[in-house]
Every structure is written in C-alpha cells, then in structure tokens.
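Reviewing the structure listed below.
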Amino acid sequence: MMLQKAAAGGKKVTSMVYALMAEKIPEGADRLAVEEAQKAQKMGVIIFTIGANEFEQKQLEGIADSKDHVFGVPDLNSLSSISSQVDVSGKKLEEHLQLCCRHHE
C-alpha cells in the first residue's frame with residue numbers, strides 16, 4: 001500500500017530497491033516476498049537482490065527484476081567486492097548506498 005501511494009504522485013522518478021538477505025527466507029514468506037516484488041516491478045521499480053552468508057540463489061532470482069540484478073557474496077564483509085558491478089543510471093551501488101544514508105541522517 002505504501003509503495004502504491006508513493007508511486008501515485010504526478011512526477012515520474014526512478015525507484016530502486018536493494019534487498020539484502022543474509023539467510024534463506026522461510027517458506028511462506030518467500031512467496032509473499034515474490035508477490036510484493038512483482039507488484040513493485042509493475043510500478044516500474046528496479047529491484048536488486050544481494051545475498052550474503054546462507055542465502056538461496058533461486059529466492060534472490062525470484063525477487064529481483066532480472067537475473068542481471070542478482071548478486072551473492074560469501075559474507076557481509078565482502079559487499080564491497082560487488083559494488084563496482086551494480087550500476088544503474090551511471091551510479092554504482094556504493095554511490096546509491098551513500099545517498100540513501102545521507103537521506104536518513
């Protein structure tokens with residue numbers, strides 16, 4: 001619901017979601033995650049999934065808007081190893097995360 005309200009404004013903006021999962025999503029919750037991701041994708045949201053530690057690749061693929069937006073790392077300390085691979089609108093993952101953090105300060 002919140003996403004629908006935000007997308008209903010008059011301006012067209014690019015929206016991105018970075019979903020970081022450090023373990024397998026429990027059964028039942030995984031279906032809900034896919035359903036919510038599909039709703040967001042219908043509104044034009046770009047969804048990246050990043051798995052760390054004990055993640056399940058198929059779950060990440062079901063949530064991301066494309067297989068090119070699925071990444072995995074062995075642990076959370078390794079996130080910087082993929083930051084140069086995630087590129088949207090000329091910005092790397094690291095730039096998006098810095099921007100996000102500035103908005104929440």
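To be explicit about the labels: the chains of the structure tokens are called A, B, and onward in the order shown, and within each one the residues are counted from 1, while ligands get numbers from 1 in the order they are shown.
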(message) List as a VMD selection string the protein and nucleic acid residues near A:Arg31, meaning an atom at most 12 Å away when only C-alpha atoms are counted, but skip any in the same chain fewer than 6 places from it.
(response) chain A and resid 25 37 to 38 58 to 60 62 to 63
(message) Can you tell me which residues surround A:Met16 at a distance of at most 8 Å, considering only C-alpha atoms, apart from same-chain residues fewer than 3 positions away, and format the answer as JSON, numbers by chain?
(response) {"A": [45, 46, 47, 48]}
Written selection (C-alpha atoms) as a short mmCIF file (atom, residue, chain, number, x, y, z; two decimals), in the first residue's frame:
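Resulting contents of again_23.cif:
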data_model
loop_
_atom_site.label_atom_id
_atom_site.label_comp_id
_atom_site.auth_asym_id
_atom_site.auth_seq_id
_atom_site.Cartn_x
_atom_site.Cartn_y
_atom_site.Cartn_z
CA VAL A 45 10.67 -0.29 -9.56
CA ILE A 46 14.12 -1.72 -10.27
CA ILE A 47 14.90 -4.45 -7.74
CA PHE A 48 18.40 -5.67 -6.92
#
(message) Would you pick out the contacts of A:Glu56 at 10 Å or less, using only C-alpha atoms, so that residues sharing its chain but fewer than 4 positions from it are not included, and give the list as an MDAnalysis selection string?
(response) chainID A and resid 21:25 51:52 60:61 72
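Using only C-alpha atoms, the nearest neighbour of A:Ser78 within the list A:Gly28, A:Ala19, A:Glu36, A:Asn53 is A:Asn53.
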(request) Using DSSP on the backbone coordinates, identify the residues of stretch 29-58 of chain A assigned to helix (DSSP H, G or I); present them as a PyMOL selection string. (result) chain A and resi 29-42+57-58
(request) Could you please determine the separation between atom CA of A:Phe55 and atom CA of A:Ala29 in Å, to one decimal place? (result)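 Pair atom CA of A:Phe55 / atom CA of A:Ala29 returns 14.0 Å.
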(request) Quote the spacing between atom CA of A:Ala64 and atom CA of A:Val34 in Å to one decimal place. (result) 8.7 Å
(message) Report, in Å with one decimal, the straight-line distance from atom CA of A:Ser80 to atom CA of A:Leu20.
(response)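 Separating atom CA of A:Ser80 from atom CA of A:Leu20 is a distance of 13.2 Å.
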(message) Quick one: residues within 9 Å of A:Gly44, only C-alpha atoms, excluding same-chain residues fewer than 3 positions away - as a list in words?
(response) Thr14, Ser15, Met16, Ala40 and Gln41 of chain A
(message) Just checking: using only C-alpha atoms, which residue out of A:Leu32, A:Ile82, A:Leu76, A:Val17 ends up closest to A:Thr49?
(response)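 For A:Thr49, the nearest of the candidates is A:Val17.
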